[in-house]
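*Asks:* The structure is given below, and queries will be raised subsequently.
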Amino acid sequence: MGVVVAEGDDVKVYEVTSRATKLPSWQKSATAKERRIRRLEEAKASAAGVQILQDFEMPSVSQKVRLSEDENFLLVTGTYAPMVKCFEVNQLSMKFQRNLDCEIVDFTILEPDWKKLSFLLANRVIEIHSQAGFYYKVRVPRFGREMLLHRSTSELYVCGEGEEVYRLNMEYGKFMAPLLTKSGAGGGNNCLAVNPINQLVAFGGEGGVVEAWDPRDLSRNKAAGTLKIGAEITAMSFDSKDGLNLTVGTGSGQVLVYDIRSSKPYAIKEQGESHPAVISNGKSTCS
């Protein structure tokens, strides 16, 4: 496929066309000259744009998309049946597919590549998978909504129903003392994010407040800082470059961008139609 790229304000727009599609099976009898011209057209279209990842789809619904840290693998979860697919970007093809016993709520890539994965399931179970497949599972006290790995402490943070945020230590293989947050007041926490620079962990939920905790000192059992949003928070992400910008999505469809040194947003975007906001940080997409 040929792709025409238009770029402005650091935003790339790809227009997918079909000027250089492969020959259908019933045209395999074309002459050598026609086949050579077709190959030249395909090569020209490929050099002018990008290649399209084939079979990048789910049977019915796709839920989460994650890009590995080395940016060579793209993992997608969806239904039905509950499954995860891994695509190798360099080869433009699917590397493997695994089916699970229960719907996948969220998942995290534990290694720079795809070889270690963790899945948060709808039946309150966290499954750890290795390169060979299923390895270990543990039950979460409450239903989870989102999960991430804090690499500095090797802990999986799981937020969900209730005010508690659970911490599964990957080194010791057990749950540490949960964090009691105000951001989850009224129903629970919906999302969490890690600042890539200072490693603070932020939580947001139905309490309408963003809380930032410092994993280096949890003895006080108190947030290092809070940011009042005034609406249910459904998605959240730190800027991956310098960690100074925090993007917050609300249940009413607003996207607010904050400088973490200020309590007022410097940009507000209305998504419209009162749909929960969707935020992408370059590595994953959440809603």
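Every chain in the structure tokens has a letter given in the order shown (A, B, ...), and although residue numbers restart at 1 in each chain, ligands are simply numbered from 1 in the order shown.
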What's around region 73-87 of chain A at 6 Å? Count only C-alpha atoms, leave out sequence neighbours fewer than 5 positions away in its own chain, and write the answer as a PyMOL selection string.
*Replies:* chain A and resi 60-68+93-100+103
*Asks:* Within 8 Å of region 213-218 of chain A, counting only C-alpha atoms, which residues qualify if same-chain residues fewer than 2 places away don't, as a ChimeraX atom specification?
*Replies:* /A:153,199-202,211,220-225
*Asks:* If you keep all heavy atoms, can you produce a file of those selected residues as an mmCIF file, in the first residue's frame?
*Replies:*
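Just written: part.cif:
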data_model
loop_
_atom_site.group_PDB
_atom_site.id
_atom_site.type_symbol
_atom_site.label_atom_id
_atom_site.label_comp_id
_atom_site.auth_asym_id
_atom_site.auth_seq_id
_atom_site.Cartn_x
_atom_site.Cartn_y
_atom_site.Cartn_z
ATOM 1 N N THR A 153 11.078 -0.132 41.876
ATOM 2 C CA THR A 153 10.826 -0.952 43.062
ATOM 3 C C THR A 153 10.388 -2.373 42.715
ATOM 4 O O THR A 153 10.146 -3.177 43.618
ATOM 5 C CB THR A 153 9.729 -0.294 43.929
ATOM 6 O OG1 THR A 153 8.539 -0.123 43.138
ATOM 7 C CG2 THR A 153 10.188 1.069 44.430
ATOM 8 N N GLN A 199 9.833 9.346 39.157
ATOM 9 C CA GLN A 199 9.271 8.046 39.542
ATOM 10 C C GLN A 199 8.101 8.137 40.518
ATOM 11 O O GLN A 199 7.761 7.140 41.171
ATOM 12 C CB GLN A 199 10.360 7.141 40.132
ATOM 13 C CG GLN A 199 11.439 6.758 39.145
ATOM 14 C CD GLN A 199 10.899 5.991 37.949
ATOM 15 O OE1 GLN A 199 10.283 4.948 38.103
ATOM 16 N NE2 GLN A 199 11.141 6.502 36.756
ATOM 17 N N LEU A 200 7.453 9.294 40.639
ATOM 18 C CA LEU A 200 6.244 9.399 41.437
ATOM 19 C C LEU A 200 5.116 8.629 40.753
ATOM 20 O O LEU A 200 5.016 8.599 39.525
ATOM 21 C CB LEU A 200 5.834 10.858 41.613
ATOM 22 C CG LEU A 200 6.761 11.758 42.437
ATOM 23 C CD1 LEU A 200 6.206 13.177 42.478
ATOM 24 C CD2 LEU A 200 6.944 11.218 43.839
ATOM 25 N N VAL A 201 4.260 8.003 41.569
ATOM 26 C CA VAL A 201 3.116 7.260 41.047
ATOM 27 C C VAL A 201 1.858 8.077 41.310
ATOM 28 O O VAL A 201 1.596 8.464 42.460
ATOM 29 C CB VAL A 201 2.996 5.875 41.701
ATOM 30 C CG1 VAL A 201 1.885 5.072 41.029
ATOM 31 C CG2 VAL A 201 4.309 5.122 41.609
ATOM 32 N N ALA A 202 1.081 8.338 40.271
ATOM 33 C CA ALA A 202 -0.137 9.144 40.391
ATOM 34 C C ALA A 202 -1.360 8.264 40.201
ATOM 35 O O ALA A 202 -1.369 7.354 39.364
ATOM 36 C CB ALA A 202 -0.135 10.276 39.370
ATOM 37 N N GLU A 211 -3.709 12.045 42.986
ATOM 38 C CA GLU A 211 -2.768 11.936 44.092
ATOM 39 C C GLU A 211 -1.452 11.376 43.576
ATOM 40 O O GLU A 211 -1.436 10.390 42.834
ATOM 41 C CB GLU A 211 -3.310 11.015 45.179
ATOM 42 C CG GLU A 211 -4.392 11.638 46.037
ATOM 43 C CD GLU A 211 -4.686 10.806 47.280
ATOM 44 O OE1 GLU A 211 -4.078 9.730 47.432
ATOM 45 O OE2 GLU A 211 -5.527 11.230 48.078
ATOM 46 N N ARG A 220 4.873 7.161 55.698
ATOM 47 C CA ARG A 220 3.889 8.130 56.196
ATOM 48 C C ARG A 220 2.467 7.761 55.780
ATOM 49 O O ARG A 220 1.504 8.272 56.336
ATOM 50 C CB ARG A 220 4.213 9.525 55.678
ATOM 51 C CG ARG A 220 5.568 10.069 56.118
ATOM 52 C CD ARG A 220 5.769 11.460 55.574
ATOM 53 N NE ARG A 220 5.686 11.490 54.119
ATOM 54 C CZ ARG A 220 5.568 12.601 53.401
ATOM 55 N NH1 ARG A 220 5.476 13.770 54.006
ATOM 56 N NH2 ARG A 220 5.530 12.553 52.088
ATOM 57 N N ASN A 221 2.360 6.878 54.765
ATOM 58 C CA ASN A 221 1.047 6.499 54.224
ATOM 59 C C ASN A 221 0.236 7.739 53.847
ATOM 60 O O ASN A 221 -0.943 7.861 54.169
ATOM 61 C CB ASN A 221 0.273 5.625 55.219
ATOM 62 C CG ASN A 221 -0.851 4.853 54.530
ATOM 63 O OD1 ASN A 221 -0.797 4.598 53.326
ATOM 64 N ND2 ASN A 221 -1.869 4.493 55.290
ATOM 65 N N LYS A 222 0.906 8.644 53.153
ATOM 66 C CA LYS A 222 0.292 9.905 52.775
ATOM 67 C C LYS A 222 0.824 10.333 51.412
ATOM 68 O O LYS A 222 2.002 10.121 51.101
ATOM 69 C CB LYS A 222 0.600 10.975 53.828
ATOM 70 C CG LYS A 222 -0.061 12.314 53.582
ATOM 71 C CD LYS A 222 0.288 13.297 54.681
ATOM 72 C CE LYS A 222 -0.356 14.655 54.441
ATOM 73 N NZ LYS A 222 0.005 15.640 55.498
ATOM 74 N N ALA A 223 -0.041 10.936 50.603
ATOM 75 C CA ALA A 223 0.362 11.382 49.270
ATOM 76 C C ALA A 223 1.364 12.520 49.355
ATOM 77 O O ALA A 223 1.288 13.380 50.240
ATOM 78 C CB ALA A 223 -0.865 11.818 48.473
ATOM 79 N N ALA A 224 2.298 12.543 48.402
ATOM 80 C CA ALA A 224 3.286 13.621 48.346
ATOM 81 C C ALA A 224 2.680 14.898 47.789
ATOM 82 O O ALA A 224 3.185 15.990 48.037
ATOM 83 C CB ALA A 224 4.478 13.187 47.495
ATOM 84 N N GLY A 225 1.601 14.793 47.018
ATOM 85 C CA GLY A 225 0.935 15.960 46.453
ATOM 86 C C GLY A 225 -0.406 15.581 45.869
ATOM 87 O O GLY A 225 -0.640 14.412 45.513
#
*Asks:* Extract, using only C-alpha atoms, all DNA, RNA and protein residues at most 10 Å from Val194 (chain A), discarding same-chain residues fewer than 4 positions from it, and format them as an MDAnalysis selection string.
*Replies:* chainID A and resid 148:151 198:203 212:213 236:240 243
*Asks:* Keeping only N, CA, C and O atoms, write those residues as an mmCIF file, in the first residue's frame.
*Replies:*
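Here's the written file part_19.cif:
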data_model
loop_
_atom_site.group_PDB
_atom_site.id
_atom_site.type_symbol
_atom_site.label_atom_id
_atom_site.label_comp_id
_atom_site.auth_asym_id
_atom_site.auth_seq_id
_atom_site.Cartn_x
_atom_site.Cartn_y
_atom_site.Cartn_z
ATOM 1 N N LEU A 148 0.039 -1.305 36.404
ATOM 2 C CA LEU A 148 1.305 -0.948 35.776
ATOM 3 C C LEU A 148 2.454 -1.422 36.642
ATOM 4 O O LEU A 148 2.293 -1.713 37.836
ATOM 5 N N LEU A 149 3.638 -1.482 36.034
ATOM 6 C CA LEU A 149 4.853 -1.903 36.731
ATOM 7 C C LEU A 149 5.693 -0.689 37.074
ATOM 8 O O LEU A 149 6.010 0.118 36.192
ATOM 9 N N HIS A 150 6.052 -0.562 38.369
ATOM 10 C CA HIS A 150 6.995 0.468 38.796
ATOM 11 C C HIS A 150 8.378 -0.190 38.817
ATOM 12 O O HIS A 150 8.712 -0.959 39.719
ATOM 13 N N ARG A 151 9.176 0.089 37.811
ATOM 14 C CA ARG A 151 10.421 -0.651 37.599
ATOM 15 C C ARG A 151 11.455 -0.400 38.696
ATOM 16 O O ARG A 151 12.256 -1.285 39.007
ATOM 17 N N ASN A 198 10.924 11.561 37.999
ATOM 18 C CA ASN A 198 11.063 11.442 39.450
ATOM 19 C C ASN A 198 10.431 10.173 40.018
ATOM 20 O O ASN A 198 10.483 9.952 41.228
ATOM 21 N N GLN A 199 9.833 9.346 39.157
ATOM 22 C CA GLN A 199 9.271 8.046 39.542
ATOM 23 C C GLN A 199 8.101 8.137 40.518
ATOM 24 O O GLN A 199 7.761 7.140 41.171
ATOM 25 N N LEU A 200 7.453 9.294 40.639
ATOM 26 C CA LEU A 200 6.244 9.399 41.437
ATOM 27 C C LEU A 200 5.116 8.629 40.753
ATOM 28 O O LEU A 200 5.016 8.599 39.525
ATOM 29 N N VAL A 201 4.260 8.003 41.569
ATOM 30 C CA VAL A 201 3.116 7.260 41.047
ATOM 31 C C VAL A 201 1.858 8.077 41.310
ATOM 32 O O VAL A 201 1.596 8.464 42.460
ATOM 33 N N ALA A 202 1.081 8.338 40.271
ATOM 34 C CA ALA A 202 -0.137 9.144 40.391
ATOM 35 C C ALA A 202 -1.360 8.264 40.201
ATOM 36 O O ALA A 202 -1.369 7.354 39.364
ATOM 37 N N PHE A 203 -2.409 8.554 40.990
ATOM 38 C CA PHE A 203 -3.667 7.805 40.926
ATOM 39 C C PHE A 203 -4.810 8.776 40.677
ATOM 40 O O PHE A 203 -4.816 9.901 41.195
ATOM 41 N N ALA A 212 -0.354 12.007 43.999
ATOM 42 C CA ALA A 212 0.979 11.544 43.628
ATOM 43 C C ALA A 212 1.680 11.017 44.877
ATOM 44 O O ALA A 212 1.767 11.719 45.889
ATOM 45 N N TRP A 213 2.148 9.764 44.798
ATOM 46 C CA TRP A 213 2.836 9.122 45.914
ATOM 47 C C TRP A 213 4.290 8.879 45.549
ATOM 48 O O TRP A 213 4.614 8.587 44.403
ATOM 49 N N MET A 236 -5.071 8.975 32.401
ATOM 50 C CA MET A 236 -4.022 9.871 32.876
ATOM 51 C C MET A 236 -2.683 9.432 32.304
ATOM 52 O O MET A 236 -2.412 8.238 32.155
ATOM 53 N N SER A 237 -1.818 10.425 31.973
ATOM 54 C CA SER A 237 -0.513 10.083 31.405
ATOM 55 C C SER A 237 0.448 11.242 31.611
ATOM 56 O O SER A 237 0.080 12.411 31.445
ATOM 57 N N PHE A 238 1.709 10.917 31.971
ATOM 58 C CA PHE A 238 2.775 11.900 32.071
ATOM 59 C C PHE A 238 3.485 12.021 30.724
ATOM 60 O O PHE A 238 3.560 11.055 29.952
ATOM 61 N N ASP A 239 4.038 13.206 30.483
ATOM 62 C CA ASP A 239 4.865 13.415 29.301
ATOM 63 C C ASP A 239 6.107 12.536 29.408
ATOM 64 O O ASP A 239 6.810 12.563 30.422
ATOM 65 N N SER A 240 6.396 11.763 28.378
ATOM 66 C CA SER A 240 7.516 10.831 28.430
ATOM 67 C C SER A 240 8.875 11.507 28.263
ATOM 68 O O SER A 240 9.906 10.878 28.513
ATOM 69 N N GLY A 243 8.571 14.697 31.919
ATOM 70 C CA GLY A 243 7.739 14.431 33.081
ATOM 71 C C GLY A 243 7.087 15.646 33.695
ATOM 72 O O GLY A 243 6.474 15.550 34.762
#
*Asks:* What gap, in Å, lies between CA of Val140 (chain A) and CA of Gly249 (chain A)?
*Replies:*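 CA of Gly249 (chain A) lies 26.0 Å from CA of Val140 (chain A).
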*Asks:* Record the distance separating CA of Val125 (chain A) and CA of Leu110 (chain A), expressed in Å with one decimal.
*Replies:*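 Interatomic distance, CA of Val125 (chain A) to CA of Leu110 (chain A): 16.9 Å.
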*Asks:* So which residues touch Lys264 (chain A) within 10 Å, counting only C-alpha atoms, skipping near sequence neighbours fewer than 6 positions away, as a PyMOL selection string?
*Replies:* chain A and resi 227-229+256-258
*Asks:* Nearest to Thr108 (chain A) among A:Met147, A:Val248, A:Asn123, A:Tyr136, with distances taken over only C-alpha atoms: which residue is it?
*Replies:*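 Of the candidates, the smallest distance to Thr108 (chain A) is held by A:Met147.
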*Asks:* As an MDAnalysis selection string, please: every residue in region 67-260 of chain A that DSSP puts in strand (DSSP E).
*Replies:* chainID A and resid 67 73:79 83:88 93:99 104:109 117:121 125:130 133:139 144:150 155:160 164:169 174:180 189:194 201:205 209:213 225:228 233:238 245:250 254:259
*Asks:* Give me a file of those residues, with C-alpha atoms, as a compact mmCIF listing (two decimals), in the first residue's frame.
*Replies:*
# COMPACT_ATOMS: atom_id res chain seq x y z
CA LEU A 67 4.18 -1.05 22.44
CA PHE A 73 6.71 -5.58 19.33
CA LEU A 74 3.09 -4.50 19.47
CA LEU A 75 0.72 -6.39 21.79
CA VAL A 76 -3.07 -6.21 21.61
CA THR A 77 -5.75 -7.75 23.81
CA GLY A 78 -9.36 -8.35 22.87
CA THR A 79 -12.31 -10.74 22.66
CA MET A 83 -6.80 -13.40 23.78
CA VAL A 84 -3.56 -11.52 23.32
CA LYS A 85 -1.79 -11.10 19.99
CA CYS A 86 1.85 -10.11 19.56
CA PHE A 87 2.99 -8.47 16.32
CA GLU A 88 6.62 -8.08 15.30
CA SER A 93 3.42 -9.98 10.90
CA MET A 94 1.92 -11.69 13.95
CA LYS A 95 4.46 -13.47 16.14
CA PHE A 96 2.05 -15.40 18.35
CA GLN A 97 -1.47 -15.54 19.78
CA ARG A 98 -2.51 -16.77 23.25
CA ASN A 99 -5.99 -17.44 24.55
CA ILE A 104 -8.47 -9.25 30.10
CA VAL A 105 -9.04 -5.95 31.91
CA ASP A 106 -5.48 -4.67 31.53
CA PHE A 107 -1.97 -5.96 30.92
CA THR A 108 1.64 -4.86 31.38
CA ILE A 109 4.85 -5.74 29.55
CA LEU A 117 3.81 -10.28 30.57
CA SER A 118 1.26 -9.76 33.34
CA PHE A 119 -2.50 -9.80 32.82
CA LEU A 120 -5.18 -8.35 35.09
CA LEU A 121 -8.30 -10.47 34.55
CA VAL A 125 -6.70 -12.70 39.12
CA ILE A 126 -3.26 -11.52 37.98
CA GLU A 127 -1.59 -13.97 35.59
CA ILE A 128 2.15 -13.85 34.94
CA HIS A 129 3.29 -15.25 31.58
CA SER A 130 6.80 -16.13 30.44
CA GLY A 133 3.26 -19.35 28.34
CA PHE A 134 1.41 -19.25 31.65
CA TYR A 135 3.74 -19.23 34.69
CA TYR A 136 1.99 -18.01 37.87
CA LYS A 137 -1.22 -16.43 39.11
CA VAL A 138 -2.35 -14.62 42.24
CA ARG A 139 -5.75 -13.32 43.37
CA GLY A 144 -9.04 -4.25 39.37
CA ARG A 145 -9.37 -1.63 36.67
CA GLU A 146 -5.79 -0.79 35.70
CA MET A 147 -2.29 -2.05 36.40
CA LEU A 148 1.30 -0.95 35.78
CA LEU A 149 4.85 -1.90 36.73
CA HIS A 150 7.00 0.47 38.80
CA GLU A 155 6.22 -3.66 42.11
CA LEU A 156 2.97 -4.11 40.22
CA TYR A 157 0.44 -1.42 41.19
CA VAL A 158 -3.20 -2.42 40.81
CA CYS A 159 -6.05 0.04 41.26
CA GLY A 160 -9.78 -0.64 41.13
CA GLU A 164 -6.90 0.90 48.25
CA VAL A 165 -4.14 0.54 45.65
CA TYR A 166 -2.49 -2.88 45.87
CA ARG A 167 1.24 -3.49 45.41
CA LEU A 168 2.49 -6.89 44.24
CA ASN A 169 6.25 -7.11 44.79
CA LYS A 174 3.76 -11.23 47.69
CA PHE A 175 1.51 -8.25 48.28
CA MET A 176 2.93 -5.36 50.25
CA ALA A 177 0.83 -3.01 52.41
CA PRO A 178 -1.79 -1.27 50.19
CA LEU A 179 -1.96 2.49 49.76
CA LEU A 180 -5.10 4.20 51.06
CA ASN A 189 -9.49 4.45 41.29
CA ASN A 190 -9.76 4.19 37.51
CA CYS A 191 -6.21 4.88 36.36
CA LEU A 192 -2.61 5.33 37.42
CA ALA A 193 0.62 6.62 35.87
CA VAL A 194 4.34 6.80 36.68
CA VAL A 201 3.12 7.26 41.05
CA ALA A 202 -0.14 9.14 40.39
CA PHE A 203 -3.67 7.81 40.93
CA GLY A 204 -6.98 9.14 39.67
CA GLY A 205 -10.56 7.98 40.06
CA VAL A 209 -8.52 14.15 42.70
CA VAL A 210 -5.09 13.20 41.36
CA GLU A 211 -2.77 11.94 44.09
CA ALA A 212 0.98 11.54 43.63
CA TRP A 213 2.84 9.12 45.91
CA GLY A 225 0.94 15.96 46.45
CA THR A 226 -2.65 16.31 45.24
CA LEU A 227 -4.36 18.00 42.30
CA LYS A 228 -8.10 18.70 42.41
CA ILE A 233 -10.86 10.84 36.19
CA THR A 234 -10.86 8.08 33.57
CA ALA A 235 -7.37 8.34 32.02
CA MET A 236 -4.02 9.87 32.88
CA SER A 237 -0.51 10.08 31.41
CA PHE A 238 2.78 11.90 32.07
CA ASN A 245 3.30 17.69 31.77
CA LEU A 246 0.37 15.66 33.06
CA THR A 247 -2.59 14.90 30.80
CA VAL A 248 -5.86 14.02 32.55
CA GLY A 249 -9.03 12.70 30.93
CA THR A 250 -12.43 12.96 32.63
CA GLN A 254 -12.64 16.67 28.78
CA VAL A 255 -8.87 16.38 28.32
CA LEU A 256 -6.86 18.71 30.56
CA VAL A 257 -3.11 19.30 30.30
CA TYR A 258 -1.27 20.46 33.41
CA ASP A 259 2.21 21.61 34.20
*Asks:* Record the distance separating CA of Ala132 (chain A) and CA of Cys102 (chain A), expressed in Å with one decimal.
*Replies:* 19.2 Å
*Asks:* Give me the residues near Gly187 (chain A) as a list in words, where near means some atom within 7 Å (using only C-alpha atoms) and where sequence neighbours in that chain fewer than 5 positions away do not count.
*Replies:*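 Once the adjacent positions are removed, what remains is Glu161, Gly162 and Glu206 of chain A.
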*Asks:* Include all heavy atoms and write out the residues we just selected as an mmCIF file, in the first residue's frame.
*Replies:*
data_model
loop_
_atom_site.group_PDB
_atom_site.id
_atom_site.type_symbol
_atom_site.label_atom_id
_atom_site.label_comp_id
_atom_site.auth_asym_id
_atom_site.auth_seq_id
_atom_site.Cartn_x
_atom_site.Cartn_y
_atom_site.Cartn_z
ATOM 1 N N GLU A 161 -11.707 -1.162 42.484
ATOM 2 C CA GLU A 161 -12.757 -0.859 43.457
ATOM 3 C C GLU A 161 -12.150 -0.509 44.808
ATOM 4 O O GLU A 161 -11.183 -1.131 45.254
ATOM 5 C CB GLU A 161 -13.690 -2.063 43.603
ATOM 6 C CG GLU A 161 -14.587 -2.294 42.408
ATOM 7 C CD GLU A 161 -15.565 -3.425 42.664
ATOM 8 O OE1 GLU A 161 -15.456 -4.083 43.720
ATOM 9 O OE2 GLU A 161 -16.450 -3.642 41.819
ATOM 10 N N GLY A 162 -12.767 0.482 45.471
ATOM 11 C CA GLY A 162 -12.302 0.873 46.795
ATOM 12 C C GLY A 162 -11.172 1.889 46.735
ATOM 13 O O GLY A 162 -10.633 2.211 45.671
ATOM 14 N N GLU A 206 -12.768 8.154 40.948
ATOM 15 C CA GLU A 206 -14.079 8.760 41.122
ATOM 16 C C GLU A 206 -14.087 9.875 42.158
ATOM 17 O O GLU A 206 -15.069 10.597 42.270
ATOM 18 C CB GLU A 206 -15.097 7.670 41.493
ATOM 19 C CG GLU A 206 -15.237 6.602 40.411
ATOM 20 C CD GLU A 206 -16.307 5.580 40.733
ATOM 21 O OE1 GLU A 206 -17.241 5.927 41.474
ATOM 22 O OE2 GLU A 206 -16.203 4.433 40.247
#
